[in-house]
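A.B. asks: Below: one structure in structure tokens.
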Amino acid sequence: MRVTVIGTGFVGVVTAAVLSSFGNQVIGLDVDHEKIAKLKQSKVPFFEPGLEELLTVQQAAGNLTFTTDYQTAIAAAEVIMIAVGTPSTTAGGADLKYVLAATELLTPFLKDGAVVALKSTVPPGTLSQLEAIMMKAGKHNFFTASLPEFLKEGAAVEDTLHPDRIVIGATTPKTFEILRRLHQPFKAPILEVSPESAQMAKYAANAYLATRITFINQIADLCESNQANVQEVIAVIGKDQRIGQHYWYPGLGYGGSCFPKDVKELAYYSRQVGQGENLFNKIAQLNDQRIGQMMKKYAQLVGGWQGKQVAVLGLSFKPNTDDMREAPSLKVIPTLLEQGATVRAYDPQALESAQKVLPQSESLRCLDSLVAACDQADVIFALIEWPQIISFDFSQVRAAKTQWIFDTRNQLNQSTLTNLGYKYAAVGQAPL
Ligand SMILES: NC(=O)c1ccc[n+]([C@@H]2O[C@H](COP(=O)([O-])OP(=O)(O)OC[C@H]3O[C@@H](n4cnc5c(N)ncnc54)[C@H](O)[C@@H]3O)[C@@H](O)[C@H]2O)c1
């Protein structure tokens, strides 16, 4: 099938590469000339395991090309997937300007019978805005659909090749038939639903996972008020089949490109439809406050940050990505600097993207060596559970000067660290 993916960000590039691996003729289209120039040379402008290899193979096979030209990309496309960004507006709603601009730009070249499918995360009702644009331009023979994306950064290729489910939100049998055919090779369950259900399901999935994180953070806070340990609590509740052991991450709250914005967009949507007094507003608020509250606790433990040297380990929002969107480091490091600390930060992959958003100075240096970042540190923050950080032998950097290790993801071996003479604080248990 001839498929065009508009927007070659995380979702777009992975989708284009995977669809081409199933023998489709795929074009990736973006307005960012620099990005397209890199992609044409099989260079992925961000870190995502396995993606560059897949891209190289598919481009060499002639199944995948990239362009900035709408006519080239759209004129022959049977399925057009829109995967542009939908950031939040200042009020918290989904900003649809990129989605609507892409629709305006594709419309003149749309061929009869083509399917325009939205992969971007959007609120219910968005498809009618796209349809209005296309019909205003005199186009009437097209189909629309919502195809929400559930991939996880850091495991995006695997998630896209082997999805838990494929959701097709559409209204006509023909649209379902075309998109079912396109997705058959994935051998995943295909759920055919209304566009609104597809859009709500995407928000519901992310809001649920964000709620789980916020829930266990609240339990962790209570554990710190007594002798409980949140990891032991998780072990107990996880045995209940209805609850399960998976996806419990007490820590500094959720970050990344999706959860914070999707929860806020759902909260905004709730207010729009007159149901603003609900869980989602509260979850967003609790998560926004989380790092500030935790930093106050840490400041008390170390007796204030003034004059302290701090090693911050892990800068991206999670392991296996260099994505800095809503990364905890973006709140932790400015707080430390404002309160008089010097920071030496380390990340195995995200140094380049981190330096774009964390200006380097005498007080802040981002380094490519974990050992160098910990040298002379009074305090070590293990912020992200990169394998390089959680498997590190901290005896290598043990210095009399270093007092505390703050394990904000509960991933380090506490008895090893306390035996080495560190003071150790995890989340949801009394500091040791
Ligand atoms: N990143 C994720 O993990 C993830 C997961 C599931 C869903 N989503 C959703 O998918 C959508 C895309 O997310 P992303 O992280 O890939 O975004 P991104 O910001 O990484 O990429 C968006 C791309 O769209 C391009 N673009 C903007 N306007 C354009 C236009 N008019 N024509 C062509 N290209 C244009 C940009 O240049 C950019 O390359 C969002 O709605 C997001 O919420 C993201």
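By convention here, the chains of the structure tokens are called A, B, ... in the order presented, each chain's residues are numbered starting at 1, and ligands are numbered starting at 1 in the order presented.
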Quick one: residues within 8 Å of region 296-304 of chain A, only C-alpha atoms, excluding same-chain residues fewer than 5 positions away - as JSON, numbers by chain?
C.D. replies: {"A": [339, 404, 406]}
A.B. asks: Limited to all heavy atoms, could you put the picked residues into a file as a PDB file, in the first residue's frame?
C.D. replies:
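Result file part-v3.pdb:
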ATOM      1  N   GLN A 339      19.639  27.309  44.739  1.00  0.00           N
ATOM      2  CA  GLN A 339      19.904  27.266  46.190  1.00  0.00           C
ATOM      3  C   GLN A 339      21.386  27.143  46.512  1.00  0.00           C
ATOM      4  O   GLN A 339      21.769  26.767  47.610  1.00  0.00           O
ATOM      5  CB  GLN A 339      19.075  26.142  46.818  1.00  0.00           C
ATOM      6  CG  GLN A 339      17.586  26.447  46.659  1.00  0.00           C
ATOM      7  CD  GLN A 339      16.687  25.418  47.321  1.00  0.00           C
ATOM      8  OE1 GLN A 339      17.109  24.675  48.191  1.00  0.00           O
ATOM      9  NE2 GLN A 339      15.429  25.412  46.904  1.00  0.00           N
ATOM     10  N   TRP A 404      25.603  11.705  51.049  1.00  0.00           N
ATOM     11  CA  TRP A 404      24.303  11.124  50.727  1.00  0.00           C
ATOM     12  C   TRP A 404      24.224  10.591  49.300  1.00  0.00           C
ATOM     13  O   TRP A 404      24.752  11.201  48.382  1.00  0.00           O
ATOM     14  CB  TRP A 404      23.215  12.198  50.850  1.00  0.00           C
ATOM     15  CG  TRP A 404      22.766  12.456  52.251  1.00  0.00           C
ATOM     16  CD1 TRP A 404      23.174  13.483  53.059  1.00  0.00           C
ATOM     17  CD2 TRP A 404      21.816  11.697  53.002  1.00  0.00           C
ATOM     18  NE1 TRP A 404      22.535  13.412  54.268  1.00  0.00           N
ATOM     19  CE2 TRP A 404      21.692  12.319  54.267  1.00  0.00           C
ATOM     20  CE3 TRP A 404      21.064  10.549  52.752  1.00  0.00           C
ATOM     21  CZ2 TRP A 404      20.839  11.838  55.257  1.00  0.00           C
ATOM     22  CZ3 TRP A 404      20.229  10.067  53.737  1.00  0.00           C
ATOM     23  CH2 TRP A 404      20.123  10.708  54.974  1.00  0.00           C
ATOM     24  N   PHE A 406      20.902   9.906  46.958  1.00  0.00           N
ATOM     25  CA  PHE A 406      19.442   9.937  46.854  1.00  0.00           C
ATOM     26  C   PHE A 406      19.029   9.088  45.650  1.00  0.00           C
ATOM     27  O   PHE A 406      19.355   9.421  44.506  1.00  0.00           O
ATOM     28  CB  PHE A 406      18.943  11.382  46.686  1.00  0.00           C
ATOM     29  CG  PHE A 406      19.177  12.222  47.912  1.00  0.00           C
ATOM     30  CD1 PHE A 406      19.607  13.542  47.808  1.00  0.00           C
ATOM     31  CD2 PHE A 406      18.961  11.696  49.174  1.00  0.00           C
ATOM     32  CE1 PHE A 406      19.826  14.313  48.944  1.00  0.00           C
ATOM     33  CE2 PHE A 406      19.169  12.456  50.316  1.00  0.00           C
ATOM     34  CZ  PHE A 406      19.607  13.766  50.200  1.00  0.00           C
TER      35      PHE A 406
END
A.B. asks: Let me have all residues with an atom within 9 Å of ligand 1, counting only C-alpha atoms and all ligand atoms, laid out as a VMD selection string.
C.D. replies: chain A and resid 5 to 14 28 to 33 35 to 36 68 70 82 to 87 94 96 to 106 118 to 122 148 to 154 156 202 256 to 259 261 to 262 323
A.B. asks: Which residues are close to Thr214 (chain A), i.e. within 10 Å by only C-alpha atoms, leaving aside same-chain residues fewer than 2 positions away? Reply as a list in words.
C.D. replies: Tyr208, Leu209, Ala210, Thr211, Arg212, Ile216, Asn217, Gln218, Ile219, Ala220, Trp248, Tyr249, Pro250, Gly251, Leu252, Gly253, Tyr254, Lys282, Ile283, Ala284, Leu286, Asn287 and Arg290 of chain A
A.B. asks: Got time to write the residues from that selection, N, CA, C and O atoms, as an mmCIF file, in the first residue's frame?
C.D. replies:
data_model
loop_
_atom_site.group_PDB
_atom_site.id
_atom_site.type_symbol
_atom_site.label_atom_id
_atom_site.label_comp_id
_atom_site.auth_asym_id
_atom_site.auth_seq_id
_atom_site.Cartn_x
_atom_site.Cartn_y
_atom_site.Cartn_z
ATOM 1 N N TYR A 208 -4.538 6.706 33.129
ATOM 2 C CA TYR A 208 -4.516 5.603 34.110
ATOM 3 C C TYR A 208 -3.095 5.336 34.598
ATOM 4 O O TYR A 208 -2.851 5.202 35.801
ATOM 5 N N LEU A 209 -2.140 5.280 33.662
ATOM 6 C CA LEU A 209 -0.749 5.010 34.062
ATOM 7 C C LEU A 209 -0.210 6.155 34.927
ATOM 8 O O LEU A 209 0.495 5.920 35.918
ATOM 9 N N ALA A 210 -0.561 7.376 34.571
ATOM 10 C CA ALA A 210 -0.130 8.537 35.370
ATOM 11 C C ALA A 210 -0.767 8.484 36.757
ATOM 12 O O ALA A 210 -0.131 8.823 37.769
ATOM 13 N N THR A 211 -2.010 8.032 36.822
ATOM 14 C CA THR A 211 -2.711 7.923 38.109
ATOM 15 C C THR A 211 -2.030 6.879 38.990
ATOM 16 O O THR A 211 -1.870 7.067 40.190
ATOM 17 N N ARG A 212 -1.605 5.767 38.387
ATOM 18 C CA ARG A 212 -0.913 4.711 39.139
ATOM 19 C C ARG A 212 0.369 5.262 39.769
ATOM 20 O O ARG A 212 0.677 4.978 40.917
ATOM 21 N N ILE A 216 0.920 5.668 43.850
ATOM 22 C CA ILE A 216 1.973 5.016 44.642
ATOM 23 C C ILE A 216 2.882 6.072 45.280
ATOM 24 O O ILE A 216 3.457 5.835 46.349
ATOM 25 N N ASN A 217 2.991 7.245 44.670
ATOM 26 C CA ASN A 217 3.757 8.327 45.317
ATOM 27 C C ASN A 217 3.060 8.773 46.603
ATOM 28 O O ASN A 217 3.719 9.080 47.594
ATOM 29 N N GLN A 218 1.744 8.808 46.570
ATOM 30 C CA GLN A 218 1.006 9.204 47.783
ATOM 31 C C GLN A 218 1.197 8.150 48.879
ATOM 32 O O GLN A 218 1.384 8.475 50.038
ATOM 33 N N ILE A 219 1.138 6.869 48.469
ATOM 34 C CA ILE A 219 1.367 5.798 49.435
ATOM 35 C C ILE A 219 2.808 5.893 49.970
ATOM 36 O O ILE A 219 3.052 5.734 51.172
ATOM 37 N N ALA A 220 3.756 6.184 49.070
ATOM 38 C CA ALA A 220 5.173 6.301 49.483
ATOM 39 C C ALA A 220 5.330 7.396 50.531
ATOM 40 O O ALA A 220 6.037 7.214 51.527
ATOM 41 N N TRP A 248 4.705 -0.163 38.879
ATOM 42 C CA TRP A 248 4.717 0.621 40.117
ATOM 43 C C TRP A 248 6.035 1.376 40.173
ATOM 44 O O TRP A 248 7.087 0.757 40.283
ATOM 45 N N TYR A 249 5.998 2.683 40.057
ATOM 46 C CA TYR A 249 7.227 3.476 40.035
ATOM 47 C C TYR A 249 7.162 4.634 41.021
ATOM 48 O O TYR A 249 6.983 5.788 40.618
ATOM 49 N N PRO A 250 7.299 4.348 42.327
ATOM 50 C CA PRO A 250 7.375 5.482 43.246
ATOM 51 C C PRO A 250 8.621 6.297 42.916
ATOM 52 O O PRO A 250 9.655 5.741 42.556
ATOM 53 N N GLY A 251 8.528 7.606 42.985
ATOM 54 C CA GLY A 251 9.685 8.417 42.620
ATOM 55 C C GLY A 251 9.345 9.893 42.606
ATOM 56 O O GLY A 251 8.586 10.381 43.460
ATOM 57 N N LEU A 252 9.893 10.568 41.596
ATOM 58 C CA LEU A 252 9.691 12.019 41.512
ATOM 59 C C LEU A 252 8.493 12.379 40.634
ATOM 60 O O LEU A 252 8.362 13.528 40.222
ATOM 61 N N GLY A 253 7.665 11.398 40.320
ATOM 62 C CA GLY A 253 6.482 11.695 39.506
ATOM 63 C C GLY A 253 6.739 11.359 38.050
ATOM 64 O O GLY A 253 7.836 10.975 37.680
ATOM 65 N N TYR A 254 5.704 11.485 37.241
ATOM 66 C CA TYR A 254 5.838 11.144 35.819
ATOM 67 C C TYR A 254 6.310 12.350 35.020
ATOM 68 O O TYR A 254 6.067 13.490 35.390
ATOM 69 N N LYS A 282 -6.680 16.863 39.622
ATOM 70 C CA LYS A 282 -5.938 16.634 40.864
ATOM 71 C C LYS A 282 -4.628 15.897 40.583
ATOM 72 O O LYS A 282 -3.587 16.220 41.159
ATOM 73 N N ILE A 283 -4.685 14.912 39.687
ATOM 74 C CA ILE A 283 -3.463 14.158 39.352
ATOM 75 C C ILE A 283 -2.418 15.120 38.778
ATOM 76 O O ILE A 283 -1.246 15.098 39.177
ATOM 77 N N ALA A 284 -2.845 15.970 37.849
ATOM 78 C CA ALA A 284 -1.904 16.925 37.227
ATOM 79 C C ALA A 284 -1.300 17.831 38.290
ATOM 80 O O ALA A 284 -0.091 18.073 38.307
ATOM 81 N N LEU A 286 -1.019 17.289 41.605
ATOM 82 C CA LEU A 286 -0.122 16.553 42.513
ATOM 83 C C LEU A 286 1.232 16.299 41.851
ATOM 84 O O LEU A 286 2.283 16.412 42.475
ATOM 85 N N ASN A 287 1.189 15.945 40.563
ATOM 86 C CA ASN A 287 2.446 15.653 39.875
ATOM 87 C C ASN A 287 3.293 16.915 39.697
ATOM 88 O O ASN A 287 4.509 16.874 39.842
ATOM 89 N N ARG A 290 5.163 17.592 42.859
ATOM 90 C CA ARG A 290 5.936 16.479 43.421
ATOM 91 C C ARG A 290 7.429 16.799 43.616
ATOM 92 O O ARG A 290 7.976 16.593 44.688
#
A.B. asks: Any chance you could list, as JSON, numbers by chain, the residues in region 323-406 of chain A that come up strand (DSSP E or B) when DSSP is run on the backbone?
C.D. replies: {"A": [342, 343, 344, 345, 346, 364, 365, 366, 367, 379, 380, 381, 382, 404, 405, 406]}
A.B. asks: Taking the chain letters and numbering used in this document, name the residues of region 197-303 of chain A that DSSP puts in helix (DSSP H, G or I), as a VMD selection string.
C.D. replies: chain A and resid 197 to 224 230 to 237 259 to 272 279 to 302
A.B. asks: Hey, which of A:Asp375, A:Glu53, A:Asp368, A:Glu78 ends up closest to Ile178 (chain A)? Count only C-alpha atoms.
C.D. replies: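 Closest to Ile178 (chain A), using only C-alpha atoms: A:Glu78.
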A.B. asks: Counting only C-alpha atoms, which of A:Leu161, A:Leu370, A:Ala75, A:Ala132 gets nearest to Leu110 (chain A)?
C.D. replies: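 Closest to Leu110 (chain A), using only C-alpha atoms: A:Ala75.
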A.B. asks: Do you know which residues are at most 12 Å from Asp322 (chain A) counting only C-alpha atoms, after dropping those on the same chain fewer than 4 positions away, and could you put them as a ChimeraX atom specification?
C.D. replies: /A:10,44-49,153-154,256-257,314-318,326-327,347-356,384,386
A.B. asks: Mind checking which residues fall within 7 Å of region 225-242 of chain A, counting only C-alpha atoms, ignoring those fewer than 4 positions away in the same chain, and posting them as a list in words?
C.D. replies: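 Using only C-alpha atoms, the neighbours found are Ala220, Asp221, Gly428, Gln429 and Ala430 of chain A.
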A.B. asks: At what distance in Å, to one decimal, does CA of Ala145 (chain A) lie from CA of Ile133 (chain A)?
C.D. replies: 14.9 Å
